[in-house]
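Taking it in order: structure first as C-alpha cells, then the write-up.
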Amino acid sequence: MSLVEHLGELRKRIMWILVVLVIGMVGGLVAAKPIIRYLKSIPPADGIGWNVFSPWDALRLYMNFGLAVGLLITLPVILYHIWAFVKPGLRETEQKASLLYVPYAFLLFLLGLSFGYWVVFPMAFYFTSSISKSLEITEMYGAAQYFTFMFNIVLPLACVFEMPIVVMFLTKIKLLNPKRLHKFRRYAYMLMVILATVITPPDAISAILVAVPLIILYEFSVFMSGFIYRKQLAKDAAWELEFGPK
C-alpha cells in the first residue's frame, strides 16, 4: 500500500472508533446517574457534603462520566483497530497471537482502574483531608472537582497497567527485546518512582505502596518479553535449519 492508501485506511478506522465512542458516550450518559450515586454512597465520598460551584458543574459531571464510560466501552474497539492496522506487517502466526492481546489489554485496564480507585485514590483523598482538618478548615467539596481529582489519579494508572501488553506486542513485531528492557531498567524504575510520587500523597509509605506494584508490573513485562523473544529465536533457528539462512 502507498502512503496515501495507509492514511486512507487510518482515517477509516478512526471514523469507526469515533462512531463507537459516540454510541458509548450515549450509554455512558444514561448510566452516569446511577454510577455517580453509587460512588457517592461508598467511601471516601459517603462522609462528605457535595456541592456545585457553577451552573455548569452538574452538566460537566455528566459529560465527564459519559466520556469515561464511552472510552471504556470503546477501548476494545480501539485495540482491535490498532491490531488490524498493523496486521498486514505481521506473519500469520503473529496476527493470531497478537489478536489475543486485545481482551487481556482490556482486563489490565480494568485492573488498573480498580487499583487506582480502591488503593491509590483513598490514600490521596484521606491525606488531603487530614491536612484540612489539621488546619481547622471546613471541607466543602465540589462534585466536579472531586471527580476531576479522582480521574487524574485513576486514569493514568489504568494506562500504566497496559505496559505488559504494549511490551509484548512491541516484542512480537521486533521493535523491543528483553536486552533493551534490561538496559533501560534503571530509567524505568526512576520513572515509576516519579509517577508514584506525583500521584500519591507526599509521604514515603504511600509512594512505596504504589511504586512497588508498578516496578513488579515492569518486571513482569520484561519476563513476558523474554518469553516471546525466546520463542522467536527458536522459530528462526528452526527455519534456518530447514531452509537455510534467511
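Letters A, B, ... go to the chains of the C-alpha cells in the order shown; residues in each chain start at 1; ligands are counted from 1 in the same order.
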### Message
Give me, as a PyMOL selection string, the residues of range 135-170 of chain A that a backbone DSSP run labels alpha helix (DSSP H).
### Response
chain A and resi 143-160+163-170
Just C-alpha atoms for this one: save the residues we selected as a compact mmCIF listing (two decimals), in the first residue's frame.
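Once written, part17.txt looks like this:
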```
# COMPACT_ATOMS: atom_id res chain seq x y z
CA ALA A 143 -18.74 17.40 42.90
CA ALA A 144 -16.95 18.23 39.64
CA GLN A 145 -13.68 18.95 41.44
CA TYR A 146 -13.93 15.73 43.46
CA PHE A 147 -14.28 13.56 40.36
CA THR A 148 -11.64 15.51 38.46
CA PHE A 149 -9.25 14.73 41.32
CA MET A 150 -10.29 11.07 41.12
CA PHE A 151 -9.91 10.81 37.33
CA ASN A 152 -6.48 12.47 37.43
CA ILE A 153 -5.26 9.63 39.65
CA VAL A 154 -7.19 6.62 38.33
CA LEU A 155 -6.88 7.05 34.55
CA PRO A 156 -3.06 7.43 34.38
CA LEU A 157 -2.69 4.27 36.49
CA ALA A 158 -5.09 2.38 34.24
CA CYS A 159 -2.95 3.37 31.25
CA VAL A 160 0.27 2.32 33.03
CA MET A 163 2.52 -1.82 29.93
CA PRO A 164 2.82 -5.66 29.75
CA ILE A 165 0.56 -5.84 26.69
CA VAL A 166 2.38 -2.97 24.94
CA VAL A 167 5.76 -4.53 25.65
CA MET A 168 4.61 -7.97 24.47
CA PHE A 169 3.19 -6.52 21.27
CA LEU A 170 6.30 -4.48 20.50
```
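Near Gly142 in chain A, within 10 Å and counting only C-alpha atoms, sit Gly49, Trp50, Asn51, Val52, Phe53, Ser54, Asp57, Ala58 and Thr148 of chain A; same-chain residues fewer than 6 positions away were not included.
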#### Entry: Contact residues around range 8-17 of chain A with only C-alpha atoms at 10 Å, ignoring same-chain residues under 4 positions, as a ChimeraX atom specification
/A:1-4,21-23,71,74-82,84-85
Residues from last step as file, N, CA, C and O atoms, as a PDB file, in the first residue's frame:
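File produced: result-v8.pdb:
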```pdb
ATOM      1  N   MET A   1       0.833  -1.199   0.000  1.00  0.00           N
ATOM      2  CA  MET A   1       0.000   0.000   0.000  1.00  0.00           C
ATOM      3  C   MET A   1       0.867   1.247   0.000  1.00  0.00           C
ATOM      4  O   MET A   1       1.914   1.278   0.628  1.00  0.00           O
ATOM      5  N   SER A   2       0.393   2.282  -0.720  1.00  0.00           N
ATOM      6  CA  SER A   2       1.112   3.551  -0.731  1.00  0.00           C
ATOM      7  C   SER A   2       0.809   4.323   0.552  1.00  0.00           C
ATOM      8  O   SER A   2      -0.065   3.956   1.342  1.00  0.00           O
ATOM      9  N   LEU A   3       1.536   5.421   0.739  1.00  0.00           N
ATOM     10  CA  LEU A   3       1.326   6.251   1.932  1.00  0.00           C
ATOM     11  C   LEU A   3      -0.101   6.788   1.964  1.00  0.00           C
ATOM     12  O   LEU A   3      -0.746   6.813   3.023  1.00  0.00           O
ATOM     13  N   VAL A   4      -0.616   7.205   0.810  1.00  0.00           N
ATOM     14  CA  VAL A   4      -1.984   7.738   0.751  1.00  0.00           C
ATOM     15  C   VAL A   4      -2.992   6.661   1.119  1.00  0.00           C
ATOM     16  O   VAL A   4      -3.970   6.921   1.839  1.00  0.00           O
ATOM     17  N   LEU A  21     -17.367   5.430  19.909  1.00  0.00           N
ATOM     18  CA  LEU A  21     -17.204   6.322  21.062  1.00  0.00           C
ATOM     19  C   LEU A  21     -18.469   7.125  21.317  1.00  0.00           C
ATOM     20  O   LEU A  21     -18.905   7.282  22.469  1.00  0.00           O
ATOM     21  N   VAL A  22     -19.071   7.645  20.256  1.00  0.00           N
ATOM     22  CA  VAL A  22     -20.315   8.412  20.408  1.00  0.00           C
ATOM     23  C   VAL A  22     -21.419   7.530  20.975  1.00  0.00           C
ATOM     24  O   VAL A  22     -22.151   7.934  21.893  1.00  0.00           O
ATOM     25  N   ILE A  23     -21.548   6.303  20.439  1.00  0.00           N
ATOM     26  CA  ILE A  23     -22.555   5.374  20.954  1.00  0.00           C
ATOM     27  C   ILE A  23     -22.271   5.043  22.423  1.00  0.00           C
ATOM     28  O   ILE A  23     -23.179   4.999  23.258  1.00  0.00           O
ATOM     29  N   LEU A  71     -15.248   5.824  26.669  1.00  0.00           N
ATOM     30  CA  LEU A  71     -13.875   5.365  26.409  1.00  0.00           C
ATOM     31  C   LEU A  71     -13.678   3.930  26.861  1.00  0.00           C
ATOM     32  O   LEU A  71     -12.995   3.145  26.181  1.00  0.00           O
ATOM     33  N   THR A  74     -15.260   1.779  24.345  1.00  0.00           N
ATOM     34  CA  THR A  74     -14.570   1.863  23.054  1.00  0.00           C
ATOM     35  C   THR A  74     -13.190   1.229  23.083  1.00  0.00           C
ATOM     36  O   THR A  74     -12.632   0.900  22.028  1.00  0.00           O
ATOM     37  N   LEU A  75     -12.619   1.048  24.267  1.00  0.00           N
ATOM     38  CA  LEU A  75     -11.237   0.559  24.369  1.00  0.00           C
ATOM     39  C   LEU A  75     -10.997  -0.742  23.598  1.00  0.00           C
ATOM     40  O   LEU A  75     -10.016  -0.832  22.848  1.00  0.00           O
ATOM     41  N   PRO A  76     -11.851  -1.783  23.730  1.00  0.00           N
ATOM     42  CA  PRO A  76     -11.606  -2.996  22.929  1.00  0.00           C
ATOM     43  C   PRO A  76     -11.620  -2.724  21.431  1.00  0.00           C
ATOM     44  O   PRO A  76     -10.849  -3.329  20.673  1.00  0.00           O
ATOM     45  N   VAL A  77     -12.490  -1.798  20.996  1.00  0.00           N
ATOM     46  CA  VAL A  77     -12.562  -1.455  19.568  1.00  0.00           C
ATOM     47  C   VAL A  77     -11.281  -0.741  19.137  1.00  0.00           C
ATOM     48  O   VAL A  77     -10.738  -0.999  18.053  1.00  0.00           O
ATOM     49  N   ILE A  78     -10.787   0.166  19.993  1.00  0.00           N
ATOM     50  CA  ILE A  78      -9.530   0.867  19.687  1.00  0.00           C
ATOM     51  C   ILE A  78      -8.385  -0.139  19.546  1.00  0.00           C
ATOM     52  O   ILE A  78      -7.594  -0.080  18.591  1.00  0.00           O
ATOM     53  N   LEU A  79      -8.311  -1.065  20.495  1.00  0.00           N
ATOM     54  CA  LEU A  79      -7.242  -2.067  20.456  1.00  0.00           C
ATOM     55  C   LEU A  79      -7.346  -2.946  19.220  1.00  0.00           C
ATOM     56  O   LEU A  79      -6.334  -3.280  18.591  1.00  0.00           O
ATOM     57  N   TYR A  80      -8.574  -3.307  18.865  1.00  0.00           N
ATOM     58  CA  TYR A  80      -8.758  -4.141  17.665  1.00  0.00           C
ATOM     59  C   TYR A  80      -8.301  -3.402  16.411  1.00  0.00           C
ATOM     60  O   TYR A  80      -7.622  -3.978  15.555  1.00  0.00           O
ATOM     61  N   HIS A  81      -8.665  -2.131  16.279  1.00  0.00           N
ATOM     62  CA  HIS A  81      -8.307  -1.392  15.065  1.00  0.00           C
ATOM     63  C   HIS A  81      -6.805  -1.108  15.009  1.00  0.00           C
ATOM     64  O   HIS A  81      -6.236  -1.035  13.907  1.00  0.00           O
ATOM     65  N   ILE A  82      -6.171  -0.946  16.170  1.00  0.00           N
ATOM     66  CA  ILE A  82      -4.709  -0.838  16.160  1.00  0.00           C
ATOM     67  C   ILE A  82      -4.106  -2.125  15.627  1.00  0.00           C
ATOM     68  O   ILE A  82      -3.193  -2.106  14.795  1.00  0.00           O
ATOM     69  N   ALA A  84      -5.613  -4.345  13.685  1.00  0.00           N
ATOM     70  CA  ALA A  84      -5.957  -4.509  12.272  1.00  0.00           C
ATOM     71  C   ALA A  84      -5.102  -3.619  11.376  1.00  0.00           C
ATOM     72  O   ALA A  84      -4.783  -3.990  10.238  1.00  0.00           O
ATOM     73  N   PHE A  85      -4.695  -2.447  11.898  1.00  0.00           N
ATOM     74  CA  PHE A  85      -3.890  -1.529  11.086  1.00  0.00           C
ATOM     75  C   PHE A  85      -2.483  -2.066  10.866  1.00  0.00           C
ATOM     76  O   PHE A  85      -1.901  -1.899   9.787  1.00  0.00           O
TER      77      PHE A  85
END
```
### Spatial neighbours of Phe115 in chain A, max dist 10 Å, only C-alpha atoms, sep filter under 5 positions, as a VMD selection string
chain A and resid 109 to 110 120 to 121 154 157 to 158 161 210 213
